[in-house]
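S.K.: Handing over final.txt, compact mmCIF, C-alpha atoms and all ligand atoms.
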# COMPACT_ATOMS: atom_id res chain seq x y z
CA MET A 1324 127.95 55.00 69.55
CA LYS A 1325 125.03 53.08 71.07
CA GLY A 1326 121.34 53.78 70.69
CA ILE A 1327 118.30 53.57 72.95
CA ILE A 1328 114.62 53.91 72.23
CA LEU A 1329 112.77 54.22 75.53
CA ILE A 1330 109.04 53.80 75.10
CA MET A 1331 106.83 54.95 77.92
CA ASP A 1332 103.78 52.92 77.03
CA GLY A 1333 100.59 54.95 76.69
CA LEU A 1334 102.30 58.14 77.90
CA GLY A 1335 100.44 60.54 75.60
CA ASP A 1336 97.14 62.03 76.70
CA ARG A 1337 94.58 64.74 76.01
CA PRO A 1338 94.00 67.96 78.01
CA LEU A 1339 91.92 67.30 81.11
CA LYS A 1340 89.50 69.72 82.76
CA GLU A 1341 90.59 68.60 86.22
CA LEU A 1342 94.18 69.54 85.31
CA ALA A 1343 93.17 73.01 84.06
CA ASN A 1344 93.24 71.77 80.47
CA GLN A 1345 96.69 70.30 80.71
CA THR A 1346 97.71 66.72 80.00
CA PRO A 1347 99.10 64.57 82.84
CA LEU A 1348 102.59 64.84 81.29
CA GLN A 1349 102.25 68.63 81.03
CA LYS A 1350 101.13 68.89 84.62
CA ALA A 1351 103.72 66.47 85.99
CA ASN A 1352 106.94 67.72 87.51
CA THR A 1353 109.56 66.16 85.21
CA PRO A 1354 112.88 68.02 85.51
CA ASN A 1355 114.87 65.23 83.86
CA MET A 1356 112.61 64.82 80.85
CA ASP A 1357 112.66 68.59 80.49
CA LYS A 1358 116.45 68.53 80.59
CA MET A 1359 116.33 66.04 77.72
CA ALA A 1360 114.04 68.45 75.84
CA GLU A 1361 116.47 71.29 76.47
CA ARG A 1362 119.50 69.28 75.34
CA GLY A 1363 117.80 67.66 72.39
CA ILE A 1364 115.71 67.86 69.28
CA ASN A 1365 111.97 67.55 69.89
CA GLY A 1366 108.88 66.66 67.98
CA ILE A 1367 105.73 64.58 67.91
CA MET A 1368 105.26 61.13 66.40
CA ASP A 1369 102.46 59.08 64.90
CA SER A 1370 103.63 55.56 65.62
CA ILE A 1371 101.66 54.19 62.64
CA SER A 1372 99.91 57.09 60.86
CA PRO A 1373 98.02 60.23 61.90
CA GLY A 1374 94.72 59.31 63.52
CA ILE A 1375 95.36 55.57 63.59
CA ARG A 1376 94.74 54.09 67.04
CA PRO A 1377 97.56 51.61 67.49
CA GLY A 1378 97.80 48.58 69.70
CA SER A 1379 101.01 48.36 71.69
CA ASP A 1380 102.08 45.51 69.44
CA THR A 1381 101.45 47.18 66.08
CA ALA A 1382 102.97 50.45 67.35
CA HIS A 1383 106.19 48.72 68.42
CA ILE A 1384 106.36 46.79 65.16
CA SER A 1385 106.13 50.06 63.27
CA ILE A 1386 108.68 51.81 65.50
CA LEU A 1387 111.12 48.97 64.81
CA GLY A 1388 110.75 49.68 61.12
CA TYR A 1389 108.47 46.84 60.07
CA ASN A 1390 105.19 47.43 58.25
CA PRO A 1391 102.48 46.32 60.70
CA TYR A 1392 99.99 45.94 57.86
CA GLU A 1393 102.24 43.25 56.38
CA VAL A 1394 103.72 41.68 59.47
CA TYR A 1395 100.85 41.75 61.94
CA THR A 1396 98.60 38.85 61.02
CA GLY A 1397 97.01 38.55 64.46
CA ARG A 1398 97.85 38.57 68.13
CA GLY A 1399 98.60 34.83 68.32
CA PRO A 1400 102.15 34.80 66.91
CA PHE A 1401 103.29 37.60 69.24
CA GLU A 1402 101.75 35.99 72.30
CA ALA A 1403 103.41 32.69 71.39
CA SER A 1404 106.73 34.38 70.91
CA GLY A 1405 106.14 36.31 74.15
CA VAL A 1406 105.90 33.14 76.24
CA GLY A 1407 109.15 31.95 74.70
CA LEU A 1408 107.94 29.50 72.07
CA ASP A 1409 110.25 29.32 69.06
CA ILE A 1410 107.84 29.93 66.26
CA VAL A 1411 108.76 29.58 62.61
CA PRO A 1412 107.26 31.10 59.44
CA GLY A 1413 104.20 29.10 58.42
CA ASP A 1414 103.15 28.26 61.99
CA VAL A 1415 99.59 29.22 62.86
CA ALA A 1416 99.41 30.64 66.37
CA PHE A 1417 96.58 31.50 68.75
CA ARG A 1418 96.11 32.93 72.18
CA CYS A 1419 93.88 30.75 74.33
CA ASN A 1420 91.91 30.83 77.52
CA PHE A 1421 91.46 27.98 79.91
CA SER A 1422 87.69 28.12 80.39
CA THR A 1423 84.98 26.14 82.12
CA VAL A 1424 82.14 24.36 80.31
CA ASP A 1425 79.28 22.41 81.88
CA ASP A 1426 78.03 18.97 80.87
CA ASP A 1427 76.09 20.50 77.96
CA PHE A 1428 79.30 22.11 76.63
CA ILE A 1429 78.08 25.60 77.61
CA VAL A 1430 80.75 28.03 78.79
CA THR A 1431 80.10 28.92 82.42
CA ASP A 1432 83.38 30.76 83.09
CA ARG A 1433 85.58 32.16 80.31
CA ARG A 1434 88.62 32.28 82.61
CA ALA A 1435 88.11 29.10 84.64
CA GLY A 1436 87.80 31.03 87.89
CA ARG A 1437 90.94 32.98 86.93
CA ILE A 1438 92.99 29.88 87.55
CA ARG A 1439 96.54 30.76 88.61
CA ASP A 1440 98.32 27.56 89.48
CA ASN A 1441 99.06 24.23 87.85
CA THR A 1442 98.24 25.23 84.30
CA ALA A 1443 101.67 23.88 83.27
CA GLU A 1444 100.48 20.38 84.24
CA LEU A 1445 97.29 20.79 82.23
CA ILE A 1446 99.39 21.94 79.29
CA GLU A 1447 101.58 18.86 79.63
CA SER A 1448 98.52 16.69 79.07
CA LEU A 1449 97.28 18.82 76.19
CA ASN A 1450 100.63 18.54 74.45
CA LYS A 1451 100.03 14.79 74.05
CA MET A 1452 97.07 15.57 71.84
CA VAL A 1453 96.94 14.07 68.34
CA ILE A 1454 93.82 14.71 66.26
CA PRO A 1455 92.70 11.76 64.13
CA GLY A 1456 93.09 12.69 60.47
CA TYR A 1457 95.61 15.41 61.35
CA GLU A 1458 98.52 13.28 62.55
CA ASP A 1459 100.85 15.39 60.38
CA VAL A 1460 100.11 18.56 62.35
CA GLU A 1461 102.20 19.23 65.42
CA ILE A 1462 100.11 20.71 68.26
CA ILE A 1463 102.08 22.80 70.71
CA PHE A 1464 100.52 24.42 73.78
CA LYS A 1465 102.28 26.59 76.32
CA GLU A 1466 100.97 28.22 79.45
CA SER A 1467 101.06 31.97 79.83
CA THR A 1468 100.05 33.97 82.91
CA GLY A 1469 96.89 33.03 84.83
CA HIS A 1470 94.17 31.49 82.70
CA ARG A 1471 96.01 32.32 79.48
CA ALA A 1472 97.87 30.00 77.17
CA VAL A 1473 99.06 29.88 73.60
CA LEU A 1474 98.62 27.31 70.86
CA VAL A 1475 100.80 26.75 67.82
CA LEU A 1476 99.86 24.50 64.91
CA ARG A 1477 102.84 23.42 62.85
CA GLY A 1478 102.51 21.54 59.58
CA GLU A 1479 101.80 21.82 55.90
CA ASN A 1480 98.72 23.38 54.35
CA LEU A 1481 97.51 25.40 57.33
CA SER A 1482 95.83 28.80 57.15
CA ASP A 1483 94.88 31.69 59.41
CA GLU A 1484 91.81 32.51 57.34
CA ILE A 1485 89.44 31.24 60.01
CA THR A 1486 87.16 32.68 62.72
CA ASP A 1487 87.53 32.58 66.53
CA ALA A 1488 86.17 29.91 68.86
CA ASP A 1489 85.66 32.34 71.71
CA PRO A 1490 81.93 33.05 72.34
CA LYS A 1491 83.04 36.18 74.32
CA VAL A 1492 80.17 35.65 76.79
CA VAL A 1493 79.14 32.95 79.22
CA GLY A 1494 75.99 30.91 78.63
CA LYS A 1495 76.95 29.92 75.10
CA ALA A 1496 78.90 27.01 73.64
CA PRO A 1497 82.32 27.72 72.10
CA LYS A 1498 81.78 29.05 68.61
CA THR A 1499 82.20 26.73 65.67
CA VAL A 1500 85.29 27.87 63.80
CA VAL A 1501 84.58 28.51 60.14
CA PRO A 1502 86.91 29.27 57.22
CA THR A 1503 86.73 32.87 55.99
CA ASN A 1504 87.58 31.84 52.44
CA ASP A 1505 87.01 28.61 50.56
CA THR A 1506 90.59 27.44 50.19
CA PRO A 1507 91.18 23.83 51.25
CA HIS A 1508 93.81 25.07 53.73
CA ALA A 1509 91.31 27.29 55.56
CA LYS A 1510 88.65 24.54 55.61
CA ARG A 1511 91.18 22.05 56.91
CA THR A 1512 92.44 24.36 59.66
CA ALA A 1513 88.91 25.26 60.78
CA ASP A 1514 87.94 21.61 60.99
CA LEU A 1515 91.12 20.79 62.88
CA LEU A 1516 90.47 23.56 65.37
CA ASN A 1517 86.88 22.49 66.05
CA LYS A 1518 88.11 18.98 66.77
CA LEU A 1519 90.91 20.35 68.93
CA VAL A 1520 88.50 22.35 71.12
CA LYS A 1521 86.34 19.24 71.68
CA HIS A 1522 89.42 17.10 72.29
CA SER A 1523 90.79 19.54 74.83
CA HIS A 1524 87.68 18.92 76.93
CA ASN A 1525 88.30 15.15 76.81
CA PHE A 1526 91.89 15.68 77.87
CA LEU A 1527 91.07 18.07 80.69
CA LYS A 1528 87.72 17.18 82.21
CA ASP A 1529 88.98 14.31 84.39
CA HIS A 1530 92.47 15.67 84.93
CA PRO A 1531 93.51 15.33 88.61
CA ILE A 1532 94.09 19.10 88.80
CA ASN A 1533 90.50 19.68 87.75
CA LEU A 1534 89.02 16.97 89.98
CA ASN A 1535 90.78 18.74 92.79
CA ARG A 1536 89.40 22.11 91.73
CA ILE A 1537 85.87 20.70 91.65
CA LYS A 1538 86.41 19.28 95.14
CA ASN A 1539 87.45 22.77 96.28
CA ASN A 1540 84.42 24.36 94.66
CA GLU A 1541 86.54 26.06 92.00
CA PRO A 1542 85.53 26.08 88.33
CA PRO A 1543 87.57 23.40 86.52
CA ALA A 1544 89.81 24.51 83.63
CA ASN A 1545 88.20 21.89 81.44
CA ILE A 1546 88.45 23.35 77.96
CA ILE A 1547 90.80 25.42 75.81
CA ILE A 1548 89.26 28.18 73.71
CA PRO A 1549 91.56 29.67 71.03
CA ARG A 1550 91.30 33.13 69.46
CA GLY A 1551 93.52 35.79 67.88
CA VAL A 1552 94.73 33.53 65.08
CA GLY A 1553 97.72 34.63 63.03
CA LEU A 1554 100.10 33.07 60.53
CA VAL A 1555 103.73 33.53 61.51
CA PRO A 1556 105.23 35.71 58.79
CA GLU A 1557 108.73 35.68 57.37
CA VAL A 1558 110.69 38.70 58.64
CA GLU A 1559 114.25 39.90 58.45
CA SER A 1560 115.79 40.16 61.91
CA LEU A 1561 116.37 43.63 63.28
CA ASN A 1562 120.09 42.92 63.54
CA GLU A 1563 120.35 42.15 59.83
CA LYS A 1564 118.01 44.93 58.82
CA TYR A 1565 120.08 47.63 60.56
CA ASN A 1566 123.46 45.97 61.03
CA ILE A 1567 123.19 46.15 64.82
CA ASN A 1568 123.35 43.92 67.88
CA SER A 1569 120.07 44.53 69.65
CA ALA A 1570 118.42 43.78 72.96
CA CYS A 1571 114.97 44.42 74.38
CA ILE A 1572 114.31 45.38 77.98
CA ALA A 1573 110.59 44.94 78.55
CA GLU A 1574 108.11 44.18 81.26
CA THR A 1575 105.28 42.43 79.46
CA GLY A 1576 105.11 39.23 77.47
CA LEU A 1577 103.56 41.11 74.58
CA ILE A 1578 106.55 43.44 74.12
CA MET A 1579 109.06 40.64 74.79
CA GLY A 1580 107.20 38.75 72.07
CA ILE A 1581 107.75 41.60 69.62
CA GLY A 1582 111.42 41.69 70.60
CA ARG A 1583 111.89 37.95 70.11
CA PHE A 1584 109.94 38.12 66.89
CA ALA A 1585 112.44 40.71 65.62
CA GLY A 1586 115.30 38.46 66.70
CA MET A 1587 116.33 40.65 69.63
CA GLU A 1588 117.90 39.35 72.80
CA ILE A 1589 115.52 39.73 75.77
CA ILE A 1590 116.83 41.18 79.01
CA GLU A 1591 114.41 40.56 81.85
CA VAL A 1592 114.15 42.84 84.86
CA GLU A 1593 113.51 41.44 88.30
CA GLY A 1594 110.45 42.95 89.91
CA ALA A 1595 109.09 44.38 86.67
CA THR A 1596 105.31 44.03 86.81
CA GLY A 1597 104.15 46.11 83.85
CA GLY A 1598 102.04 48.15 86.27
CA ILE A 1599 102.47 51.35 88.25
CA ASP A 1600 103.86 49.25 91.11
CA THR A 1601 106.80 48.08 88.99
CA ASN A 1602 110.36 48.17 90.29
CA LEU A 1603 111.73 51.25 88.51
CA ASP A 1604 115.03 51.08 90.40
CA ASN A 1605 115.71 47.67 88.89
CA ILE A 1606 114.65 48.88 85.46
CA ALA A 1607 117.04 51.84 85.72
CA SER A 1608 119.97 49.75 86.92
CA THR A 1609 119.33 47.12 84.25
CA ILE A 1610 119.42 49.79 81.57
CA VAL A 1611 122.62 51.37 82.87
CA ASP A 1612 124.31 48.02 83.35
CA SER A 1613 123.28 46.73 79.92
CA VAL A 1614 124.42 49.87 78.12
CA ASN A 1615 127.76 50.05 79.95
CA ASN A 1616 128.67 46.39 80.27
CA THR A 1617 127.34 44.49 77.26
CA ASP A 1618 128.12 44.40 73.56
CA TYR A 1619 124.59 45.30 72.51
CA ASP A 1620 124.53 48.57 70.64
CA PHE A 1621 120.78 49.05 70.37
CA PHE A 1622 118.18 48.77 73.13
CA LEU A 1623 114.43 48.89 72.88
CA ILE A 1624 113.04 49.61 76.33
CA ASN A 1625 109.38 49.56 77.33
CA ILE A 1626 108.00 50.84 80.63
CA ASP A 1627 104.33 50.02 80.87
CA GLY A 1628 102.76 51.72 83.91
CA ALA A 1629 101.41 54.91 82.31
CA ASP A 1630 99.34 52.80 79.91
CA GLU A 1631 97.82 50.84 82.78
CA ALA A 1632 96.86 54.03 84.62
CA GLY A 1633 95.38 55.40 81.38
CA HIS A 1634 93.25 52.30 80.82
CA ASP A 1635 92.03 52.54 84.40
CA GLY A 1636 91.23 56.25 84.03
CA MET A 1637 93.43 57.13 87.01
CA VAL A 1638 94.75 60.69 86.54
CA LYS A 1639 96.67 60.97 89.78
CA GLU A 1640 98.32 57.59 89.34
CA LYS A 1641 99.33 58.34 85.75
CA LEU A 1642 100.80 61.68 86.74
CA GLU A 1643 102.67 60.25 89.72
CA PHE A 1644 104.00 57.34 87.71
CA ILE A 1645 105.38 59.75 85.09
CA GLU A 1646 107.11 61.71 87.86
CA LYS A 1647 108.57 58.52 89.32
CA VAL A 1648 109.96 57.39 85.95
CA ASP A 1649 111.46 60.85 85.55
CA GLU A 1650 113.13 60.72 88.93
CA VAL A 1651 114.29 57.10 88.95
CA VAL A 1652 114.94 56.20 85.31
CA ILE A 1653 115.37 59.33 83.19
CA SER A 1654 117.82 60.82 85.69
CA LYS A 1655 120.06 57.80 85.12
CA LEU A 1656 119.75 58.00 81.33
CA LEU A 1657 121.10 61.55 81.47
CA GLU A 1658 124.37 60.22 82.90
CA LEU A 1659 125.03 57.78 80.05
CA GLU A 1660 127.79 58.63 77.59
CA ASN A 1661 128.25 57.90 73.88
CA VAL A 1662 124.60 57.03 73.47
CA VAL A 1663 121.85 58.42 71.28
CA ILE A 1664 118.75 58.35 73.45
CA ILE A 1665 115.20 58.62 72.17
CA LEU A 1666 112.40 59.11 74.68
CA THR A 1667 108.88 58.69 73.36
CA ALA A 1668 105.69 56.63 73.64
CA ASP A 1669 104.02 53.99 71.49
CA HIS A 1670 100.64 55.75 71.57
CA SER A 1671 98.45 57.92 73.74
CA THR A 1672 96.18 56.30 76.32
CA PRO A 1673 94.02 59.28 77.33
CA ILE A 1674 92.43 59.18 80.76
CA SER A 1675 89.24 60.53 79.21
CA ILE A 1676 88.73 57.56 76.90
CA MET A 1677 90.53 54.86 78.95
CA ASP A 1678 91.90 53.29 75.79
CA HIS A 1679 94.48 54.01 73.10
CA SER A 1680 93.92 56.97 70.81
CA GLY A 1681 95.41 58.17 67.54
CA ASP A 1682 96.83 61.37 69.07
CA PRO A 1683 100.54 61.75 68.28
CA VAL A 1684 103.04 61.33 71.12
CA PRO A 1685 105.92 63.59 72.17
CA ILE A 1686 109.43 62.58 71.20
CA VAL A 1687 112.89 63.88 72.11
CA ILE A 1688 116.33 62.79 70.90
CA ASN A 1689 119.56 63.41 72.82
CA GLY A 1690 123.04 62.63 71.57
CA GLU A 1691 126.09 63.93 69.83
CA GLY A 1692 125.28 65.78 66.64
CA VAL A 1693 121.56 66.38 67.17
CA ARG A 1694 120.35 69.81 66.11
CA VAL A 1695 119.26 71.18 69.47
CA ASP A 1696 116.10 73.30 69.23
CA ASP A 1697 114.41 75.82 71.54
CA VAL A 1698 112.02 73.46 73.29
CA THR A 1699 112.61 73.20 77.04
CA ARG A 1700 109.73 71.02 78.21
CA PHE A 1701 108.86 67.47 77.25
CA ASN A 1702 105.13 67.11 76.66
CA GLU A 1703 102.47 66.78 73.98
CA ILE A 1704 102.20 70.55 73.42
CA ASP A 1705 105.76 71.92 73.76
CA SER A 1706 107.43 69.05 71.91
CA ALA A 1707 105.31 69.84 68.85
CA LYS A 1708 107.25 73.11 68.42
CA GLY A 1709 110.59 71.32 68.04
CA GLY A 1710 112.94 70.77 65.15
CA LEU A 1711 111.88 67.22 64.49
CA SER A 1712 108.33 68.33 63.60
CA ARG A 1713 105.90 65.47 63.11
CA ILE A 1714 107.36 62.11 62.15
CA LYS A 1715 106.10 58.58 61.69
CA GLY A 1716 107.15 55.69 63.88
CA SER A 1717 108.46 53.89 60.82
CA ASP A 1718 111.07 56.66 60.36
CA LEU A 1719 112.49 56.32 63.83
CA MET A 1720 115.03 53.54 63.34
CA ASN A 1721 116.39 55.30 60.25
CA ILE A 1722 116.75 58.56 62.16
CA LEU A 1723 118.48 56.75 65.01
CA MET A 1724 120.82 54.79 62.73
CA ASP A 1725 121.76 58.01 60.95
CA LEU A 1726 122.62 59.73 64.25
CA MET A 1727 124.60 56.66 65.32
CA ASN A 1728 126.44 56.95 61.99
CA ASN A 1729 125.40 53.41 61.36
CA SER A 1730 123.54 53.70 58.07
CA SER A 1731 124.78 53.45 54.54
CA LYS A 1732 124.21 55.98 51.81
CA PHE A 1733 121.27 55.66 49.42
CA GLY A 1734 122.76 56.48 46.02
CA ALA A 1735 126.21 57.75 45.01
ZN ZN A 1801 101.16 50.50 74.39
ZN ZN A 1802 97.22 49.78 76.41
Output the file's structure in the form of structure tokens.
M.R.:
Amino acid sequence: MKGIILIMDGLGDRPLKELANQTPLQKANTPNMDKMAERGINGIMDSISPGIRPGSDTAHISILGYNPYEVYTGRGPFEASGVGLDIVPGDVAFRCNFSTVDDDFIVTDRRAGRIRDNTAELIESLNKMVIPGYEDVEIIFKESTGHRAVLVLRGENLSDEITDADPKVVGKAPKTVVPTNDTPHAKRTADLLNKLVKHSHNFLKDHPINLNRIKNNEPPANIIIPRGVGLVPEVESLNEKYNINSACIAETGLIMGIGRFAGMEIIEVEGATGGIDTNLDNIASTIVDSVNNTDYDFFLINIDGADEAGHDGMVKEKLEFIEKVDEVVISKLLELENVVIILTADHSTPISIMDHSGDPVPIVINGEGVRVDDVTRFNEIDSAKGGLSRIKGSDLMNILMDLMNNSSKFGA
């Protein structure tokens, strides 16, 4: 028996006046999701806890059975893992922006004109950086998409108890990083980071890529500004934790980062954009192919578009995207055999607030042995009447492993 958790990112919503007090999922025409409701056991889920507004990262961490309050030290480690850096416990990781500063070290563009190309070459220069007095610390940069990059500090006696360098607005200098406690490790890391930000300017300001940008009237990417610090924690891999062989099919670096962090194999999908324009056909065929033709027995799948539409406050787009996923992806899931399939979301992203909310999300489980209930429609309201009642995200892997007959008994 194999298992799938399919997360439709940000799927949940609140009733909308313009939809006659229905949610987009309620209003959408979703015959395949409804078939899953009919064949399965239904409920609602708080990915972290009732009323807690989760990030996609902390929600996924919780759904995979890890305690986000222990494991989630900051965004940095997951971004670093998301761009494919092999991070190890004890590393201190940051997300960074390439930004533009003027001659007085004042930030004039936080995203360096949304630079798209050649950041790999800038990173190559930055990776030669050694900070005097900190020769024992390995400094590892890697480019991400657009103006984004990640930074990993590897060495002894480092800490994540420090503030951000990002001034968040233009017209100010990068913030001086300060320790948030008075341990020598925090002081040392803060000092190192302040020197690193200054050094990055020296490394980048006369870089040929930037001289060329200046010539073309584009803001040079002449400084690196780190934020989102986190200490890479020690975690048990998902495979060991649940005695499975797991893979993650995701669209965004953030979710791939969570997957890698949990020791999962990453299966990339061609044409996956993480938006409503994503290639759902390829996502569907990748799922079917991976389930039927690989040895992995557990798949975490994330489809991101509904979250994007929610953040943008686009009702019609969210509704239509849900219908498209139903038609292209869920229809294919219904044909799979010997699989326990869970369809749910990581959190709600209500159109009305254009951000994540703490409202629980609908969940349905299909597979041999599930106690089928009377619910026949998959949405925030109907699912709540199902046999699963209201569960926490941290229970989900246990429930799945039990249905896959893959868990061991607690007690005699
Ligand atoms: Zn999310
Ligand atoms: Zn979101």
S.K.: Considering only C-alpha atoms, state which residue in the set A:Lys1521, A:Arg1362, A:Arg1471, A:Arg1583 is at the smallest distance from Ser1569 in chain A.
M.R.: A:Arg1583
S.K.: Find the residues around range 1355-1360 of chain A up to 10 Å (all atoms listed in the file counted), leave out those fewer than 6 positions away in its own chain, and share them as a PDB file with C-alpha atoms, in the frame of the given file.
M.R.:
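around-v9.pdb was written with the following content:
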ATOM      1  CA  GLY A1366     108.880  66.660  67.980  1.00  0.00           C
ATOM      2  CA  ILE A1645     105.380  59.750  85.090  1.00  0.00           C
ATOM      3  CA  GLU A1646     107.110  61.710  87.860  1.00  0.00           C
ATOM      4  CA  VAL A1648     109.960  57.390  85.950  1.00  0.00           C
ATOM      5  CA  ASP A1649     111.460  60.850  85.550  1.00  0.00           C
ATOM      6  CA  GLU A1650     113.130  60.720  88.930  1.00  0.00           C
ATOM      7  CA  VAL A1651     114.290  57.100  88.950  1.00  0.00           C
ATOM      8  CA  VAL A1652     114.940  56.200  85.310  1.00  0.00           C
ATOM      9  CA  ILE A1653     115.370  59.330  83.190  1.00  0.00           C
ATOM     10  CA  SER A1654     117.820  60.820  85.690  1.00  0.00           C
ATOM     11  CA  LYS A1655     120.060  57.800  85.120  1.00  0.00           C
ATOM     12  CA  LEU A1656     119.750  58.000  81.330  1.00  0.00           C
ATOM     13  CA  LEU A1657     121.100  61.550  81.470  1.00  0.00           C
ATOM     14  CA  ILE A1664     118.750  58.350  73.450  1.00  0.00           C
ATOM     15  CA  ILE A1665     115.200  58.620  72.170  1.00  0.00           C
ATOM     16  CA  LEU A1666     112.400  59.110  74.680  1.00  0.00           C
ATOM     17  CA  ILE A1686     109.430  62.580  71.200  1.00  0.00           C
ATOM     18  CA  VAL A1687     112.890  63.880  72.110  1.00  0.00           C
ATOM     19  CA  ILE A1688     116.330  62.790  70.900  1.00  0.00           C
ATOM     20  CA  ASN A1689     119.560  63.410  72.820  1.00  0.00           C
ATOM     21  CA  GLY A1690     123.040  62.630  71.570  1.00  0.00           C
ATOM     22  CA  VAL A1695     119.260  71.180  69.470  1.00  0.00           C
ATOM     23  CA  ASP A1696     116.100  73.300  69.230  1.00  0.00           C
ATOM     24  CA  ASP A1697     114.410  75.820  71.540  1.00  0.00           C
ATOM     25  CA  VAL A1698     112.020  73.460  73.290  1.00  0.00           C
ATOM     26  CA  THR A1699     112.610  73.200  77.040  1.00  0.00           C
ATOM     27  CA  ARG A1700     109.730  71.020  78.210  1.00  0.00           C
ATOM     28  CA  PHE A1701     108.860  67.470  77.250  1.00  0.00           C
ATOM     29  CA  ASN A1702     105.130  67.110  76.660  1.00  0.00           C
ATOM     30  CA  ASP A1705     105.760  71.920  73.760  1.00  0.00           C
ATOM     31  CA  SER A1706     107.430  69.050  71.910  1.00  0.00           C
ATOM     32  CA  GLY A1709     110.590  71.320  68.040  1.00  0.00           C
TER      33      GLY A1709
END
S.K.: Show me which residues line ligand ZN 1801 (chain A), defined as having an atom within 12 Å of a ligand atom where only C-alpha atoms and all ligand atoms count, and present them as a VMD selection string.
M.R.: chain A and resid 1330 to 1335 1370 1376 to 1384 1386 1573 to 1575 1577 to 1578 1597 1625 to 1634 1667 to 1673 1678 to 1681 1684
S.K.: Could you take the residues named above and write them with C-alpha atoms, as a PDB file, keeping the file's coordinate frame?
M.R.:
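Generated file (selection34.pdb):
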ATOM      1  CA  ILE A1330     109.040  53.800  75.100  1.00  0.00           C
ATOM      2  CA  MET A1331     106.830  54.950  77.920  1.00  0.00           C
ATOM      3  CA  ASP A1332     103.780  52.920  77.030  1.00  0.00           C
ATOM      4  CA  GLY A1333     100.590  54.950  76.690  1.00  0.00           C
ATOM      5  CA  LEU A1334     102.300  58.140  77.900  1.00  0.00           C
ATOM      6  CA  GLY A1335     100.440  60.540  75.600  1.00  0.00           C
ATOM      7  CA  SER A1370     103.630  55.560  65.620  1.00  0.00           C
ATOM      8  CA  ARG A1376      94.740  54.090  67.040  1.00  0.00           C
ATOM      9  CA  PRO A1377      97.560  51.610  67.490  1.00  0.00           C
ATOM     10  CA  GLY A1378      97.800  48.580  69.700  1.00  0.00           C
ATOM     11  CA  SER A1379     101.010  48.360  71.690  1.00  0.00           C
ATOM     12  CA  ASP A1380     102.080  45.510  69.440  1.00  0.00           C
ATOM     13  CA  THR A1381     101.450  47.180  66.080  1.00  0.00           C
ATOM     14  CA  ALA A1382     102.970  50.450  67.350  1.00  0.00           C
ATOM     15  CA  HIS A1383     106.190  48.720  68.420  1.00  0.00           C
ATOM     16  CA  ILE A1384     106.360  46.790  65.160  1.00  0.00           C
ATOM     17  CA  ILE A1386     108.680  51.810  65.500  1.00  0.00           C
ATOM     18  CA  ALA A1573     110.590  44.940  78.550  1.00  0.00           C
ATOM     19  CA  GLU A1574     108.110  44.180  81.260  1.00  0.00           C
ATOM     20  CA  THR A1575     105.280  42.430  79.460  1.00  0.00           C
ATOM     21  CA  LEU A1577     103.560  41.110  74.580  1.00  0.00           C
ATOM     22  CA  ILE A1578     106.550  43.440  74.120  1.00  0.00           C
ATOM     23  CA  GLY A1597     104.150  46.110  83.850  1.00  0.00           C
ATOM     24  CA  ASN A1625     109.380  49.560  77.330  1.00  0.00           C
ATOM     25  CA  ILE A1626     108.000  50.840  80.630  1.00  0.00           C
ATOM     26  CA  ASP A1627     104.330  50.020  80.870  1.00  0.00           C
ATOM     27  CA  GLY A1628     102.760  51.720  83.910  1.00  0.00           C
ATOM     28  CA  ALA A1629     101.410  54.910  82.310  1.00  0.00           C
ATOM     29  CA  ASP A1630      99.340  52.800  79.910  1.00  0.00           C
ATOM     30  CA  GLU A1631      97.820  50.840  82.780  1.00  0.00           C
ATOM     31  CA  ALA A1632      96.860  54.030  84.620  1.00  0.00           C
ATOM     32  CA  GLY A1633      95.380  55.400  81.380  1.00  0.00           C
ATOM     33  CA  HIS A1634      93.250  52.300  80.820  1.00  0.00           C
ATOM     34  CA  THR A1667     108.880  58.690  73.360  1.00  0.00           C
ATOM     35  CA  ALA A1668     105.690  56.630  73.640  1.00  0.00           C
ATOM     36  CA  ASP A1669     104.020  53.990  71.490  1.00  0.00           C
ATOM     37  CA  HIS A1670     100.640  55.750  71.570  1.00  0.00           C
ATOM     38  CA  SER A1671      98.450  57.920  73.740  1.00  0.00           C
ATOM     39  CA  THR A1672      96.180  56.300  76.320  1.00  0.00           C
ATOM     40  CA  PRO A1673      94.020  59.280  77.330  1.00  0.00           C
ATOM     41  CA  ASP A1678      91.900  53.290  75.790  1.00  0.00           C
ATOM     42  CA  HIS A1679      94.480  54.010  73.100  1.00  0.00           C
ATOM     43  CA  SER A1680      93.920  56.970  70.810  1.00  0.00           C
ATOM     44  CA  GLY A1681      95.410  58.170  67.540  1.00  0.00           C
ATOM     45  CA  VAL A1684     103.040  61.330  71.120  1.00  0.00           C
TER      46      VAL A1684
END
S.K.: Which value, in Å to one decimal, gives the distance between CA of Lys1465 in chain A and CA of Gly1586 in chain A?
M.R.: 20.1 Å
S.K.: Using all atoms listed in the file, find the one residue out of A:Thr1601, A:Asn1535, A:Arg1433, A:Gly1636 that sits nearest to ligand ZN 1802 (chain A).
M.R.: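 Closest to ligand ZN 1802 (chain A), using all atoms listed in the file: A:Gly1636.
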